[in-house]
Amino acid sequence: MTRVALMLYSVRQASAADFEATLREIAAFGYEGVELFDLHGHDPETVAGWLGELGLVVVGRHARLEDIETKLPELAAEARVLGWRRLVVSWVHPSELDDSTLARLAGAASAVAAHGLELGYHNHDAEVEQGFLERLPSGIFLELDAGWAWYAGADPVDLLGRGPLVHIKDFRVRGEHSYCPVGDGAVGYERVVPAAVSAGTEWLIAEQDEPQGSELDDARRSLAAIITMLGEVA
């Protein structure tokens, strides 16, 4: 069954101000999981306590490739406490989408696997435009960002099925950073969400890089739209 999580970058200002309260709101909205990128100064044990109480699953953890290469023992220790197993490369500069980075990714995948974890890669638009996703080393799953794929001119449906996690991000207009709650934009998730379910996606992860209004209200609206789309699949 496909479930819905929130990428906490979407609510980073609220999380930095009061992480516990933000997690409580997210759970109250009805999200079943979260994807981490920062613990906002809290130790993993404290965060694990909040998540356990709220029934929120950590579906993945974003980190820069440089941090995966230099701080993997710390990340693996965090994974053991928080229960996540999917570590995802969050972003690579478009000028570095080259053979050297591919070699670094292959090395990182081996190192991550040695800790019993899986390595994924989260795309932006440049990877789609440059054909980088087709060159990812084996052993690395694609965390498809359907919004960025659409932004780059691709059909996100064509890129499904390469990983268990899919980012659901909406834009009002292609070619502009016109972020908006899921369902308010032009990506066409009424078609993409059912296709993601059919492709075996485990988690649809709502993400909005910049808020339209309140971060939390936008997150609530995105969840409501995705739930409606999932209901239509059922």
# chains A, B, ... in the order shown; residues from 1 in each chain; ligands from 1
>>> select_by_dssp(residues="region 32-226 of chain A", states="strand (DSSP E or B)", output="PyMOL selection string")
chain A and resi 33-36+57-63+86-89+118-122+140-145+165-168+170-171+179-180+203-206
>>> residues_around(residues="Val92 (chain A)", least_positions_apart="5", cutoff="9 Å", atoms="only C-alpha atoms", output="MDAnalysis selection string")
chainID A and resid 64:65 97 101 123:124
>>> write_last_selection(atoms="N, CA, C and O atoms", output="compact mmCIF listing (two decimals), in the first residue's frame")
# COMPACT_ATOMS: atom_id res chain seq x y z
N ARG A 64 23.97 15.82 1.93
CA ARG A 64 24.83 16.13 0.79
C ARG A 64 25.84 15.00 0.60
O ARG A 64 26.23 14.32 1.56
N LEU A 65 26.30 14.82 -0.62
CA LEU A 65 27.27 13.76 -0.90
C LEU A 65 28.52 13.95 -0.06
O LEU A 65 29.09 12.97 0.45
N LEU A 97 27.73 17.27 -12.46
CA LEU A 97 27.06 16.03 -12.90
C LEU A 97 27.92 15.35 -13.96
O LEU A 97 27.60 15.31 -15.14
N THR A 101 31.72 12.60 -10.26
CA THR A 101 30.64 12.46 -9.28
C THR A 101 30.03 11.06 -9.35
O THR A 101 29.68 10.47 -8.32
N ASN A 123 16.68 13.82 -7.55
CA ASN A 123 16.98 14.68 -8.70
C ASN A 123 16.37 16.07 -8.57
O ASN A 123 15.39 16.29 -7.86
N HIS A 124 17.01 17.00 -9.28
CA HIS A 124 16.40 18.29 -9.59
C HIS A 124 16.20 18.32 -11.11
O HIS A 124 16.16 17.27 -11.74
>>> closest_residue(among="A:Val4, A:Leu159, A:Ala224, A:Leu82", to="Thr46 (chain A)", atoms="only C-alpha atoms")
A:Leu82
>>> closest_residue(among="A:Pro194, A:Pro73, A:Pro164, A:Gly175", to="His115 (chain A)", atoms="only C-alpha atoms")
A:Pro73
>>> select_by_dssp(residues="region 1-72 of chain A", states="helix (DSSP H, G or I)", output="VMD selection string")
chain A and resid 8 to 17 19 to 29 44 to 54 65 to 70 72
>>> closest_residue(among="A:Ala106, A:Leu230, A:Leu6, A:Ala48", to="Tyr31 (chain A)", atoms="only C-alpha atoms")
A:Leu6
>>> residues_around(residues="Ala108 (chain A)", least_positions_apart="5", cutoff="12 Å", atoms="only C-alpha atoms", output="list in words")
Ala63, Arg64, Leu65, Glu66, Asp67, Ile68, Glu69, Thr70, Lys71, Leu72, Leu87, Val88, Val89, Thr101, Leu102, Ala103, Ala113, Ala114, His115, Leu117, Glu118, Leu119, Gly120, Tyr121, Pro137, Ser138, Gly139 and Ile140 of chain A
>>> residues_around(residues="Leu144 (chain A)", least_positions_apart="4", cutoff="8 Å", atoms="only C-alpha atoms", output="list in words")
Tyr121, His122, Asn123, Ala149, Leu159, Leu160, Arg162, Gly163, Leu165, Val166 and His167 of chain A
>>> atom_distance(atom1="CA of Arg86 (chain A)", atom2="CA of Asp18 (chain A)")
25.2 Å
>>> residues_around(residues="Gly200 (chain A)", least_positions_apart="4", cutoff="8 Å", atoms="only C-alpha atoms", output="list in words")
Thr2, Gly161, Pro164 and Ala196 of chain A
>>> write_last_selection(atoms="N, CA, C and O atoms", output="PDB file, in the first residue's frame")
ATOM      1  N   THR A   2       0.555   2.186  -0.851  1.00  0.00           N
ATOM      2  CA  THR A   2       1.305   3.439  -0.924  1.00  0.00           C
ATOM      3  C   THR A   2       0.862   4.366   0.203  1.00  0.00           C
ATOM      4  O   THR A   2      -0.333   4.585   0.414  1.00  0.00           O
ATOM      5  N   GLY A 161       9.139   3.844 -10.987  1.00  0.00           N
ATOM      6  CA  GLY A 161       9.524   2.447 -10.903  1.00  0.00           C
ATOM      7  C   GLY A 161      10.992   2.199 -10.658  1.00  0.00           C
ATOM      8  O   GLY A 161      11.446   1.051 -10.699  1.00  0.00           O
ATOM      9  N   PRO A 164      11.657   3.295  -4.286  1.00  0.00           N
ATOM     10  CA  PRO A 164      10.459   3.190  -3.438  1.00  0.00           C
ATOM     11  C   PRO A 164       9.890   4.521  -2.983  1.00  0.00           C
ATOM     12  O   PRO A 164       8.773   4.571  -2.456  1.00  0.00           O
ATOM     13  N   ALA A 196       2.125   6.276  -9.964  1.00  0.00           N
ATOM     14  CA  ALA A 196       3.119   5.930  -8.937  1.00  0.00           C
ATOM     15  C   ALA A 196       2.659   4.737  -8.110  1.00  0.00           C
ATOM     16  O   ALA A 196       3.452   3.857  -7.775  1.00  0.00           O
TER      17      ALA A 196
END
>>> residues_around(residues="Ala21 (chain A)", least_positions_apart="5", cutoff="12 Å", atoms="only C-alpha atoms", output="VMD selection string")
chain A and resid 11 14 to 16 26 to 28 47 50 to 51 54 216
>>> closest_residue(among="A:Ile168, A:Glu74, A:Arg221, A:Glu202", to="Gly188 (chain A)", atoms="only C-alpha atoms")
A:Ile168
>>> residues_around(residues="Ser178 (chain A)", least_positions_apart="4", cutoff="12 Å", atoms="only C-alpha atoms", output="number ranges by chain")
A: 147-148, 151, 169-174, 182, 184-187, 208-212
>>> atom_distance(atom1="CA of Gly153 (chain A)", atom2="CA of Arg61 (chain A)")
27.2 Å
>>> closest_residue(among="A:Glu232, A:Glu134, A:Glu25, A:Glu96", to="Glu215 (chain A)", atoms="only C-alpha atoms")
A:Glu25
>>> decode(residues="region 80-93 of chain A", atoms="N, CA and C atoms", output="PDB file, in the first residue's frame")
ATOM      1  N   ARG A  80      20.397   4.060  13.235  1.00  0.00           N
ATOM      2  CA  ARG A  80      20.077   2.990  14.191  1.00  0.00           C
ATOM      3  C   ARG A  80      19.088   3.479  15.249  1.00  0.00           C
ATOM      4  N   VAL A  81      19.217   4.720  15.645  1.00  0.00           N
ATOM      5  CA  VAL A  81      18.321   5.258  16.678  1.00  0.00           C
ATOM      6  C   VAL A  81      16.944   5.593  16.111  1.00  0.00           C
ATOM      7  N   LEU A  82      16.928   6.199  14.937  1.00  0.00           N
ATOM      8  CA  LEU A  82      15.665   6.686  14.371  1.00  0.00           C
ATOM      9  C   LEU A  82      14.968   5.663  13.478  1.00  0.00           C
ATOM     10  N   GLY A  83      15.670   4.606  13.111  1.00  0.00           N
ATOM     11  CA  GLY A  83      15.026   3.523  12.389  1.00  0.00           C
ATOM     12  C   GLY A  83      14.946   3.691  10.884  1.00  0.00           C
ATOM     13  N   TRP A  84      15.649   4.679  10.327  1.00  0.00           N
ATOM     14  CA  TRP A  84      15.617   4.804   8.874  1.00  0.00           C
ATOM     15  C   TRP A  84      16.722   3.966   8.247  1.00  0.00           C
ATOM     16  N   ARG A  85      16.508   3.579   6.980  1.00  0.00           N
ATOM     17  CA  ARG A  85      17.535   2.792   6.281  1.00  0.00           C
ATOM     18  C   ARG A  85      17.868   3.355   4.913  1.00  0.00           C
ATOM     19  N   ARG A  86      17.143   4.394   4.483  1.00  0.00           N
ATOM     20  CA  ARG A  86      17.378   4.955   3.157  1.00  0.00           C
ATOM     21  C   ARG A  86      18.006   6.337   3.279  1.00  0.00           C
ATOM     22  N   LEU A  87      19.248   6.424   2.841  1.00  0.00           N
ATOM     23  CA  LEU A  87      20.014   7.666   2.865  1.00  0.00           C
ATOM     24  C   LEU A  87      20.049   8.199   1.438  1.00  0.00           C
ATOM     25  N   VAL A  88      19.665   9.463   1.267  1.00  0.00           N
ATOM     26  CA  VAL A  88      19.464   9.994  -0.074  1.00  0.00           C
ATOM     27  C   VAL A  88      20.356  11.214  -0.310  1.00  0.00           C
ATOM     28  N   VAL A  89      21.083  11.195  -1.413  1.00  0.00           N
ATOM     29  CA  VAL A  89      21.875  12.357  -1.823  1.00  0.00           C
ATOM     30  C   VAL A  89      20.889  13.456  -2.226  1.00  0.00           C
ATOM     31  N   SER A  90      20.964  14.573  -1.524  1.00  0.00           N
ATOM     32  CA  SER A  90      19.936  15.600  -1.672  1.00  0.00           C
ATOM     33  C   SER A  90      20.110  16.477  -2.902  1.00  0.00           C
ATOM     34  N   TRP A  91      21.361  16.820  -3.231  1.00  0.00           N
ATOM     35  CA  TRP A  91      21.603  17.766  -4.326  1.00  0.00           C
ATOM     36  C   TRP A  91      23.065  17.736  -4.729  1.00  0.00           C
ATOM     37  N   VAL A  92      23.284  17.790  -6.027  1.00  0.00           N
ATOM     38  CA  VAL A  92      24.624  17.952  -6.580  1.00  0.00           C
ATOM     39  C   VAL A  92      24.566  19.139  -7.535  1.00  0.00           C
ATOM     40  N   HIS A  93      25.561  19.996  -7.479  1.00  0.00           N
ATOM     41  CA  HIS A  93      25.560  21.177  -8.344  1.00  0.00           C
ATOM     42  C   HIS A  93      25.534  20.744  -9.810  1.00  0.00           C
TER      43      HIS A  93
END
